[in-house]
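Here the structure comes first, spelled out in C-alpha cells, and everything after it is commentary.
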There are 8 protein chains.
Amino acid sequence: MKPRVLIIMGSDSDLPVMEEAASFLDRFGIPYRMTVASAHRTPERTMRIVRDAEKQGVEVIIAGAGMAAHLPGVIASHTILPVIGVPMDASPLNGLDALLSIVQMPPGIPVATVSIGKAGSRNAAILAAQIIGIKDPGIAGKLRTHRAEMAKEVEARADRITKKP
Amino acid sequence: MKPRVLIIMGSDSDLPVMEEAASFLDRFGIPYRMTVASAHRTPERTMRIVRDAEKQGVEVIIAGAGMAAHLPGVIASHTILPVIGVPMDASPLNGLDALLSIVQMPPGIPVATVSIGKAGSRNAAILAAQIIGIKDPGIAGKLRTHRAEMAKEVEARADRITKKP
Amino acid sequence: MKPRVLIIMGSDSDLPVMEEAASFLDRFGIPYRMTVASAHRTPERTMRIVRDAEKQGVEVIIAGAGMAAHLPGVIASHTILPVIGVPMDASPLNGLDALLSIVQMPPGIPVATVSIGKAGSRNAAILAAQIIGIKDPGIAGKLRTHRAEMAKEVEARADRITKKP
Amino acid sequence: MKPRVLIIMGSDSDLPVMEEAASFLDRFGIPYRMTVASAHRTPERTMRIVRDAEKQGVEVIIAGAGMAAHLPGVIASHTILPVIGVPMDASPLNGLDALLSIVQMPPGIPVATVSIGKAGSRNAAILAAQIIGIKDPGIAGKLRTHRAEMAKEVEARADRITKKP
Amino acid sequence: MKPRVLIIMGSDSDLPVMEEAASFLDRFGIPYRMTVASAHRTPERTMRIVRDAEKQGVEVIIAGAGMAAHLPGVIASHTILPVIGVPMDASPLNGLDALLSIVQMPPGIPVATVSIGKAGSRNAAILAAQIIGIKDPGIAGKLRTHRAEMAKEVEARADRITKKP
Amino acid sequence: MKPRVLIIMGSDSDLPVMEEAASFLDRFGIPYRMTVASAHRTPERTMRIVRDAEKQGVEVIIAGAGMAAHLPGVIASHTILPVIGVPMDASPLNGLDALLSIVQMPPGIPVATVSIGKAGSRNAAILAAQIIGIKDPGIAGKLRTHRAEMAKEVEARADRITKKP
Amino acid sequence: MKPRVLIIMGSDSDLPVMEEAASFLDRFGIPYRMTVASAHRTPERTMRIVRDAEKQGVEVIIAGAGMAAHLPGVIASHTILPVIGVPMDASPLNGLDALLSIVQMPPGIPVATVSIGKAGSRNAAILAAQIIGIKDPGIAGKLRTHRAEMAKEVEARADRITKKP
Amino acid sequence: MKPRVLIIMGSDSDLPVMEEAASFLDRFGIPYRMTVASAHRTPERTMRIVRDAEKQGVEVIIAGAGMAAHLPGVIASHTILPVIGVPMDASPLNGLDALLSIVQMPPGIPVATVSIGKAGSRNAAILAAQIIGIKDPGIAGKLRTHRAEMAKEVEARADRITKKP
C-alpha cells in the first residue's frame, strides 16, 4: 500500500510522542511512512525523503521537532505539500522555543502548526485526515464517526463524575 | 462561482490583515467567501455560517481572531473541514495571547495555526491552496509557479544589495 | 435542592482540581451541580447544559479548562450569568496558555478569571459565594466567618514558627 | 441615588481606560461612584473607601491598576464584596506584570480578573451588571438587550465587508 | 536582644525558603524576629506587625511571598524602613508571577527585590547586612570576611575540579 | 559636600531615565555623584569608581543598565555597599532582559532591584533615602513628609475625578 | 580582494540592520561579501552560496534573520565554518521568536548567537573579527585599538554628564 | 601540552553540564584547561585566569553560568579572544534568565551564545573546534568526520524505527 502521509521526526527520542500520530492514522486507516531525519545533521537526507515522498504520492507531511525546530519549515521549503508541524517539549523552555520556531514562518512558506507534544501529535494525525478528507469521502466519514465517538466518550465520563445537589 | 475557501474573522477591525489572505487566494484563482462572525458575540451566526459553508462545498476555512482567540477552535468544533487559524496582534500582549489560544487546542480538534498577523494571513491562503492542491493539479501548478517567482524575486533583490569586496 | 452553582470542566482529568471548588461550596452550604463538557468535543452538550442551568435557576457558573481553554468563554457566550474561569496547568506551558485563553476575552463577553490550578479552583468557589452573597445574607455571613477563620489559622501557624531573638 | 458599583483606580492616569467601565455602567443604568486610591501611597484611604462602600450598600467593586497592581487584591482583603480587577498596560511589560499581580491571588481571597486595558474595563462593567443581574431582573433584561444589539452590530458590519465569489 | 531585622512570610509553607535568610542573619550575628502574616488573609495583623517592628527599632524588613505576591509592597506602604522582597516559586508560573508582583512597584514605594527562591532568601539576608553595615562597622567587617570566605571556597572547589591538558 | 550616593549608568543614553533618581535625591537633600561606566567597555573604570566611592564615604550605589545588564552585579562584586539596580527598557525585549540580568543574582552577591525604567529610577532614589534613613533621622523625616505629600496629591487628584451617582 | 566574511540575510528588509555589521567589518579592514538568501524561499540558493563561500576561502559567516529564523541554522548545517546568527526584531513578538529559533540549536550544529537587532549586528562583526583575530595578529591589533577607543569614548561621555555634589 | 581552550564555569555545580563540552574537546583532540571562577564572588580570580589564558596562547574561551549569568560577558570584557557562553538551567526560570543575561550583550562586547544546558555545552565545544578549524586544517578535518558520523548515526537510528505501510 502506498503511504498517504509521511511522519518524520528530528530525533528518535521524539518517537514516543510521534507514535500518537501514527496510532491515529492507523485508526483512520490511512497508510503512512514514519522515519527520522534531522534538518541540521542530515540536510541532504531530509531533502531526499521529501522528494521521494512527493514522487510516491504522499499527500500530507507531519514533522515533529524540538528546540530550534527547523525541520517542519525546512521540509516545507522543499515541497508544496501541506506540512503539519508538531512542536516537541524537548528543552528547559517547555516547548516554547519549538512552538515559535515552527509557527512563526515568514510569508511565503506556511507550516500548519498544532499544539506542543502528545496532544499536538494526535491532532496532527486528525488534521492530516481532515485534509485528505476533502478528496476522500471515506476518510471524511471516519472523521465524523470519530467526532461522534469523542462526544459519547465525554458524555460517558461526565456521567461517572456528575454530582447533583 | 462556488466558494472553495471561507475566510472568517472575529471583528471587522481584522479586515486589513485578512485581506492579505483574500488577495493571495485571488492570485491563485481560488474563489472564496469572506465574512465576520464572533465566536462570543454571535455564536449562533458562527455555527450557521460554518454549516452553510460545508453544504456549499467549501473545502478549507481560514479564521482570524485576536486576544482570547476562540473563533478558529469554535469553528473547528462544528466541522471536519480543515480550519486554519490566524492569530491577530490585537492586544497589548503582541498576539501571544491569540497564538496560544489558537494553537494549543486539546487533543481531538486541531487548528492549523500560522504566524501572527499579516505574514500569517498570507501563509493561511498559501496553506489553503496547498491543501486544495492535493486534489486539484491546477492549483498545485500555480503553487509551483508562485514558489519559482518568490525565488526569482529574492534573487532580484539580492542582486540589488549584494556587495563584494 | 436546586443547584445555585454549576461547576463544569473540559475534561474529567480536571476533576482533582475542580473538586477543590466543590468542597468549598459544600463548606458554604451552596448546592451545586458538577459535570464535564468539552467546548470542542461536545459543543452542543455544552450549550444545552448552560441553557438548562439558566432554566434551573443556577446563579453562577464555574468553568475549568486547560490548554487553549475556550470552555469558560464559550459558556459565557451562551448566558448572561456570571462565568468564573479556572485556568488548568495542563500542558508544558504551565497554564500560561489557559490563563491567556480565558482572561483575554474581547470586549462584550467577560469571564471572571481566577488563579491557575487548585488555588484558583478554591477561589472560584469563594468568588461564587461572594456573588451570591450580595443577595443572600446567610452566605455573606458564612464568608465573614470564613475570613475570620482564615485569619485565626494564619495566626496559629505564625505562633508555631515565630522566632524572636 | 445610592451607588451600586464602586470604580476605583490606582492613579488618575488610569482614568481614560476606566471611563470605559463608567460609560457601560451608565448604559445599563447602574449608579456608581468613581474615585482614585493607591494601594501603596494611600493604604488608609483605600481601606476607608472600601468600608464606606460596604456601608453605603455598594454591591460590586471594580479596581483598575498597573505594574505591580496590588489595588484589587488589597481591596479584596478588606471586603467580602466581589472585586473585579482590570490590569492596566502601564509599564514596558505590556500589562503582563499587572495581569499576573491581579489574577494570581493566593487561595482565600479571589479577584475576578478581566482582560488588560480598555477591553477589560468594558468587560468589568458588563461583569458587574451580570453579578447584579442575578438579583435584579431589570439589569438582567438590559444585559439580554445588549447581547442582542452586539449580535446585530456584528451582522451589520459583516454585511458591509462580506465578499462572495 | 532587640531584633534589627524582621523576616515575614506570606505563608508558613515559605518557611524552608525563608530559613535560609534566617541562617545567614545568624551567621552575621544580626538579631531578627521571624513570623507569618498574609497581606490578604490578615491585613490588620500585617499592619500591626510592621508598626510594632518600627517601634522596636527594626532597621530592615525582609518579606517573602509567592503568586500575586503583595506582601512586600503592602508592608512597604506602611513603613519607611527599607523592605527587601523575596519572590517565592509557589505556583505553576515558576515564580515569574511573584517576581513581577514584587519588583514592578509603581513610583513612590520601592521594594528592594532579590532573586527567586532560596538564592534570593540568602541574598536578602546579605543585603540586609549591607544596609545595616553602612552604620555598623562590625557588620561591615563580617561582610568583608564573608566575601573573603566565599572567594576561598570557590578557589577550593576550583582546585578539586580544575583539569589541565 | 561629600557624595552619599553614587549614581552610575552603563551608557549616557540612560541619562534621561537616571535623572529621575538624581532629581529625587535633590528633593531629599542627599548629595550624590552621577557618572557613566560600562561594565563591559570600561571594566577597570567601573572598578576604580566603585573603590573611590567607598573611600569617599558613599553609602549607597544606584546603577542603571539595559540589555544584558551586568553593571549593578559587577559593581556589587567589588563592594559591600548596598547596590540598587535599575533595569532599563533599552532593547526590543522591553526591559525583561535587563530585569532578569539584574535581579537573578546568584547566592552571595545581592542587587536590590527596582522596577523597569523611570518608575524604578525614582524608586531607587527613595530606596537609597530609606537606607540612609536608618542612620540619619533627618532623611527619615523627609521620607515621612514625602509620604504624606504623596497621599495628599493622590487625594487632590481623586477629588478632581471623583464621580458620584 | 577575497572575502573573509559572508554576510547573508533572510530578506532585503533586514539590510538596515545588517549594514551595521558591514560597517564594522569595514572599520576592521575585513573584506566581506553581503547578500540575501532565504532559507525557505530559496533553499538551493542558500546552499550554493554557502558552498561557494567555503570554496572562496570565507572564514566566518554572519546570518541575520527574523521570525522563525532558520537561516543561520540551515547555513550551519551545510558548513563547518563558524556561523554567527543575528536575530531580527521583525514580528510582533519583539524578536523573541527569532532569538529562540537561532540560539536553541540541537546538539551537533551550533550557531554563535548574538543580541537582537542592531546591537547584535555590530557584535556579529566584532565577533567575526575576534575569530579571525586568533590567526591574524593584524586584526587582533585592530580589536585592541577598538577596545581602547570604546573605553575613551565612554570616558568622554562620562565627563560631559558627570555631576558632583 | 598547552591548552587551546579554556572552559570556565561559575559554580562547581555546573560541572556535569560543562563536562559535555570537555568530552567533545577530547573527541576532537583539542587540549583544554577547565576551572571554576565566579564573576561575582571572585572577580579578581576571573580576571587573572582570563589574562593567564591569553598569555598561555588559549584561542577560545567557553564560559558556562546560570541565573543572572554575567560570567561570559565579564570574561569578554577582559579579552579579545572569542568567548562562547553556555546558559545554565539553574533557577526556577528554566534558564531564560541565563540566556538573556548572556546573549543580550550591549554593542561592543559580543558573547557567542549557544543553547541552554547540555545541548549548548556540547555545541560550545563544536563551535570552539569550528573557530580553531579556520586556522588548523586537522581540526577542520575532524569536524567533517564528526558531521559524517552524526549523519550515519541518524540514518542508523532511522532504520530501526522506520515504518512503511
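As shown in the C-alpha cells, the chain order sets the letters A, B, ...; within each chain, residues go from 1, and ligands are also counted from 1 in the order they appear.
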Exercise. When you get a sec, could you note down which chain C residues fall within 7 Å of chain E, using only C-alpha atoms, as a VMD selection string?
Key: chain C and resid 89 94 to 95 150 to 151 154 157 to 158 161 to 165
Could you write out the selected residues, including N, CA and C atoms, as an mmCIF file, in the first residue's frame?
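Saved the output as out-v1.cif:
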```cif
data_model
loop_
_atom_site.group_PDB
_atom_site.id
_atom_site.type_symbol
_atom_site.label_atom_id
_atom_site.label_comp_id
_atom_site.auth_asym_id
_atom_site.auth_seq_id
_atom_site.Cartn_x
_atom_site.Cartn_y
_atom_site.Cartn_z
ATOM 1 N N ASP C 89 -3.377 23.936 34.737
ATOM 2 C CA ASP C 89 -1.977 23.743 34.359
ATOM 3 C C ASP C 89 -1.890 22.368 33.694
ATOM 4 N N ASN C 94 2.688 25.370 31.440
ATOM 5 C CA ASN C 94 2.456 25.729 32.848
ATOM 6 C C ASN C 94 1.153 26.477 33.102
ATOM 7 N N GLY C 95 0.215 26.378 32.185
ATOM 8 C CA GLY C 95 -1.058 27.051 32.416
ATOM 9 C C GLY C 95 -1.094 28.470 31.878
ATOM 10 N N MET C 150 -9.793 32.023 58.540
ATOM 11 C CA MET C 150 -8.511 32.096 57.831
ATOM 12 C C MET C 150 -7.509 32.918 58.632
ATOM 13 N N ALA C 151 -7.953 34.057 59.143
ATOM 14 C CA ALA C 151 -7.052 34.930 59.899
ATOM 15 C C ALA C 151 -6.519 34.199 61.130
ATOM 16 N N VAL C 154 -3.915 31.614 60.143
ATOM 17 C CA VAL C 154 -2.613 32.230 59.878
ATOM 18 C C VAL C 154 -1.917 32.533 61.198
ATOM 19 N N ARG C 157 -0.618 29.362 62.889
ATOM 20 C CA ARG C 157 0.608 28.896 62.245
ATOM 21 C C ARG C 157 1.774 29.830 62.558
ATOM 22 N N ALA C 158 1.488 31.123 62.579
ATOM 23 C CA ALA C 158 2.541 32.093 62.879
ATOM 24 C C ALA C 158 3.137 31.804 64.256
ATOM 25 N N ILE C 161 5.746 29.136 64.261
ATOM 26 C CA ILE C 161 7.066 29.344 63.645
ATOM 27 C C ILE C 161 7.767 30.616 64.098
ATOM 28 N N THR C 162 7.038 31.505 64.786
ATOM 29 C CA THR C 162 7.656 32.786 65.149
ATOM 30 C C THR C 162 8.919 32.578 65.971
ATOM 31 N N LYS C 163 9.967 33.252 65.574
ATOM 32 C CA LYS C 163 11.233 33.210 66.315
ATOM 33 C C LYS C 163 11.572 34.616 66.717
ATOM 34 N N LYS C 164 11.874 34.765 67.980
ATOM 35 C CA LYS C 164 12.341 36.075 68.420
ATOM 36 C C LYS C 164 13.784 35.963 68.850
ATOM 37 N N PRO C 165 14.521 37.029 68.755
ATOM 38 C CA PRO C 165 15.949 36.962 69.067
ATOM 39 C C PRO C 165 16.181 36.853 70.570
#
```
Exercise. Using DSSP on the backbone, list every residue of chain D that comes out as helix (DSSP H, G or I), and give them as a ChimeraX atom specification.
Key: /D:12-27,43-56,71-76,96-103,118-133,137-161
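Counting only C-alpha atoms, A:Val60 has the following residues at most 8 Å away, ignoring those fewer than 6 positions along the same chain: A:Arg4, A:Val5, A:Leu6, A:Leu81, A:Pro82, A:Val83, A:Ile84, A:Ala128, A:Ile131, A:Ile132.
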Quiz item: Counting only C-alpha atoms, what is within 12 Å of F:Gly120, bar same-chain residues fewer than 4 positions away, as a VMD selection string?
Solution: (chain D and resid 67 to 68 91 to 92) or (chain E and resid 103 to 113) or (chain F and resid 17 to 21 24 62 to 65 84 to 89 95 99 112 to 116 124 to 128)
Quiz item: How many Å lie between atom CA of G:Arg51 and atom CA of H:Asn123, rounded to one decimal?
Solution: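 Rounded to one decimal, the two atoms are 21.8 Å apart.
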Self-check item: Secondary structure check, strand (DSSP E or B) residues of stretch 7-116 of chain B, as JSON, numbers by chain
Solution: {"B": [7, 8, 9, 32, 33, 34, 35, 36, 60, 61, 62, 63, 64, 65, 83, 84, 85, 86, 87, 112, 113]}
Selected residues written out with all heavy atoms, as a compact mmCIF listing (two decimals), in the first residue's frame:
```txt
# COMPACT_ATOMS: atom_id res chain seq x y z
N ILE B 7 -13.25 32.66 4.38
CA ILE B 7 -12.42 33.49 5.27
C ILE B 7 -13.36 34.14 6.28
O ILE B 7 -14.32 34.81 5.90
CB ILE B 7 -11.67 34.60 4.50
CG1 ILE B 7 -10.76 34.01 3.43
CG2 ILE B 7 -10.85 35.45 5.47
CD1 ILE B 7 -10.04 35.07 2.59
N ILE B 8 -13.08 33.93 7.54
CA ILE B 8 -13.97 34.45 8.58
C ILE B 8 -13.11 35.13 9.63
O ILE B 8 -12.02 34.65 9.95
CB ILE B 8 -14.84 33.27 9.13
CG1 ILE B 8 -15.95 33.75 10.02
CG2 ILE B 8 -14.01 32.22 9.77
CD1 ILE B 8 -17.03 32.66 10.24
N MET B 9 -13.58 36.27 10.10
CA MET B 9 -12.76 36.97 11.11
C MET B 9 -13.65 37.39 12.27
O MET B 9 -14.86 37.59 12.10
CB MET B 9 -12.06 38.17 10.49
CG MET B 9 -12.97 39.26 10.00
SD MET B 9 -12.16 40.32 8.74
CE MET B 9 -12.46 39.33 7.26
N TYR B 32 -13.58 32.44 -2.99
CA TYR B 32 -13.76 32.40 -1.54
C TYR B 32 -14.91 33.30 -1.14
O TYR B 32 -15.34 34.18 -1.89
CB TYR B 32 -12.49 32.88 -0.84
CG TYR B 32 -12.09 34.28 -1.21
CD1 TYR B 32 -12.56 35.38 -0.49
CD2 TYR B 32 -11.28 34.52 -2.31
CE1 TYR B 32 -12.21 36.68 -0.85
CE2 TYR B 32 -10.94 35.81 -2.68
CZ TYR B 32 -11.40 36.88 -1.95
OH TYR B 32 -11.08 38.16 -2.32
N ARG B 33 -15.40 33.04 0.06
CA ARG B 33 -16.35 33.95 0.68
C ARG B 33 -15.66 34.53 1.91
O ARG B 33 -14.97 33.80 2.62
CB ARG B 33 -17.60 33.16 1.11
CG ARG B 33 -18.70 34.09 1.58
CD ARG B 33 -19.94 33.36 2.05
NE ARG B 33 -20.73 34.34 2.80
CZ ARG B 33 -21.48 34.08 3.85
NH1 ARG B 33 -21.58 32.83 4.28
NH2 ARG B 33 -22.13 35.04 4.47
N MET B 34 -15.84 35.83 2.17
CA MET B 34 -15.21 36.46 3.33
C MET B 34 -16.28 37.15 4.17
O MET B 34 -17.06 37.94 3.64
CB MET B 34 -14.16 37.47 2.88
CG MET B 34 -13.45 38.16 4.04
SD MET B 34 -11.83 38.83 3.61
CE MET B 34 -12.29 40.18 2.55
N THR B 35 -16.27 36.86 5.48
CA THR B 35 -17.29 37.48 6.33
C THR B 35 -16.78 37.62 7.76
O THR B 35 -15.65 37.25 8.07
CB THR B 35 -18.61 36.67 6.27
OG1 THR B 35 -19.63 37.43 6.92
CG2 THR B 35 -18.49 35.32 6.94
N VAL B 36 -17.64 38.19 8.60
CA VAL B 36 -17.32 38.41 10.00
C VAL B 36 -18.27 37.61 10.87
O VAL B 36 -19.47 37.55 10.60
CB VAL B 36 -17.47 39.91 10.38
CG1 VAL B 36 -17.29 40.15 11.87
CG2 VAL B 36 -16.49 40.76 9.58
N VAL B 60 -11.86 24.49 2.69
CA VAL B 60 -10.95 24.92 3.76
C VAL B 60 -11.52 26.20 4.39
O VAL B 60 -12.07 27.05 3.67
CB VAL B 60 -9.54 25.24 3.22
CG1 VAL B 60 -8.60 25.62 4.36
CG2 VAL B 60 -8.97 24.06 2.44
N ILE B 61 -11.38 26.33 5.72
CA ILE B 61 -11.82 27.54 6.39
C ILE B 61 -10.60 28.25 6.99
O ILE B 61 -9.76 27.60 7.63
CB ILE B 61 -12.83 27.22 7.51
CG1 ILE B 61 -14.08 26.56 6.90
CG2 ILE B 61 -13.23 28.49 8.27
CD1 ILE B 61 -15.14 26.12 7.90
N ILE B 62 -10.50 29.55 6.74
CA ILE B 62 -9.45 30.38 7.35
C ILE B 62 -10.13 31.29 8.37
O ILE B 62 -11.06 32.02 8.01
CB ILE B 62 -8.73 31.24 6.28
CG1 ILE B 62 -7.98 30.35 5.30
CG2 ILE B 62 -7.79 32.25 6.94
CD1 ILE B 62 -7.40 31.12 4.10
N ALA B 63 -9.68 31.22 9.61
CA ALA B 63 -10.31 32.03 10.66
C ALA B 63 -9.26 32.87 11.37
O ALA B 63 -8.29 32.34 11.90
CB ALA B 63 -11.03 31.13 11.66
N GLY B 64 -9.48 34.18 11.36
CA GLY B 64 -8.55 35.09 12.05
C GLY B 64 -9.21 35.68 13.28
O GLY B 64 -10.37 36.07 13.24
N ALA B 65 -8.46 35.73 14.40
CA ALA B 65 -9.03 36.32 15.61
C ALA B 65 -7.91 36.75 16.54
O ALA B 65 -6.78 36.24 16.47
CB ALA B 65 -9.94 35.32 16.32
N VAL B 83 -9.37 23.63 9.37
CA VAL B 83 -9.51 25.03 9.78
C VAL B 83 -8.12 25.61 10.03
O VAL B 83 -7.34 25.04 10.80
CB VAL B 83 -10.36 25.16 11.06
CG1 VAL B 83 -10.42 26.62 11.53
CG2 VAL B 83 -11.76 24.61 10.83
N ILE B 84 -7.83 26.72 9.36
CA ILE B 84 -6.54 27.41 9.52
C ILE B 84 -6.76 28.63 10.40
O ILE B 84 -7.63 29.44 10.12
CB ILE B 84 -5.97 27.84 8.15
CG1 ILE B 84 -5.81 26.62 7.24
CG2 ILE B 84 -4.64 28.58 8.33
CD1 ILE B 84 -5.45 26.97 5.79
N GLY B 85 -5.97 28.74 11.47
CA GLY B 85 -6.14 29.86 12.41
C GLY B 85 -5.04 30.91 12.24
O GLY B 85 -3.86 30.56 12.22
N VAL B 86 -5.46 32.17 12.16
CA VAL B 86 -4.50 33.29 12.04
C VAL B 86 -4.59 34.14 13.31
O VAL B 86 -5.59 34.82 13.54
CB VAL B 86 -4.82 34.17 10.82
CG1 VAL B 86 -3.76 35.27 10.67
CG2 VAL B 86 -4.93 33.36 9.54
N PRO B 87 -3.55 34.10 14.15
CA PRO B 87 -3.57 34.92 15.37
C PRO B 87 -3.37 36.40 15.04
O PRO B 87 -2.45 36.74 14.28
CB PRO B 87 -2.39 34.39 16.19
CG PRO B 87 -1.88 33.17 15.47
CD PRO B 87 -2.33 33.28 14.05
N ALA B 112 -5.02 24.36 12.35
CA ALA B 112 -3.73 24.53 11.66
C ALA B 112 -3.31 25.97 11.82
O ALA B 112 -3.80 26.84 11.11
CB ALA B 112 -3.90 24.17 10.18
N THR B 113 -2.39 26.21 12.75
CA THR B 113 -2.05 27.59 13.12
C THR B 113 -0.88 28.11 12.29
O THR B 113 0.10 27.39 12.07
CB THR B 113 -1.72 27.65 14.62
OG1 THR B 113 -2.78 27.02 15.32
CG2 THR B 113 -1.59 29.08 15.10
```
Practice problem: Name the residues in contact with D:Val74 at a cut-off of 8 Å, using only C-alpha atoms, excluding same-chain residues fewer than 4 positions from it; report them as a PyMOL selection string. | Solution: (chain D and resi 39+70+78) or (chain E and resi 39-40)
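As for atom CA of C:Val58 and atom CA of C:Pro137, they are spaced 17.6 Å apart.
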Quiz item: Using only C-alpha atoms, which residues sit within 7 Å of stretch 138-145 of chain A once same-chain residues fewer than 4 positions away are excluded, as a PyMOL selection string?
Solution: (chain A and resi 28+129-130+133+149) or (chain B and resi 80)
Can I get the selection written as a PDB file, in the first residue's frame, with N, CA and C atoms?
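Just written: out.pdb:
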```pdb
ATOM      1  N   PHE A  28      -7.686   5.703  11.472  1.00  0.00           N
ATOM      2  CA  PHE A  28      -8.449   6.175  10.315  1.00  0.00           C
ATOM      3  C   PHE A  28      -8.148   5.347   9.062  1.00  0.00           C
ATOM      4  N   ALA A 129      -5.939  13.775   8.372  1.00  0.00           N
ATOM      5  CA  ALA A 129      -7.157  13.091   7.904  1.00  0.00           C
ATOM      6  C   ALA A 129      -8.168  14.111   7.371  1.00  0.00           C
ATOM      7  N   GLN A 130      -8.288  15.243   8.027  1.00  0.00           N
ATOM      8  CA  GLN A 130      -9.222  16.273   7.554  1.00  0.00           C
ATOM      9  C   GLN A 130      -8.822  16.789   6.175  1.00  0.00           C
ATOM     10  N   GLY A 133      -9.507  14.168   3.820  1.00  0.00           N
ATOM     11  CA  GLY A 133     -10.969  14.053   3.773  1.00  0.00           C
ATOM     12  C   GLY A 133     -11.635  14.963   2.759  1.00  0.00           C
ATOM     13  N   GLU A 149     -17.845   9.571  18.421  1.00  0.00           N
ATOM     14  CA  GLU A 149     -17.296   8.744  19.495  1.00  0.00           C
ATOM     15  C   GLU A 149     -16.696   9.601  20.615  1.00  0.00           C
TER      16      GLU A 149
ATOM     17  N   ILE B  80     -15.693  19.110  10.122  1.00  0.00           N
ATOM     18  CA  ILE B  80     -14.480  18.291   9.951  1.00  0.00           C
ATOM     19  C   ILE B  80     -13.629  18.821   8.802  1.00  0.00           C
TER      20      ILE B  80
END
```
Self-check item: Distance of atom CA of A:Leu71 from atom CA of A:Ile134, expressed in Å to one decimal place
Solution: 26.1 Å
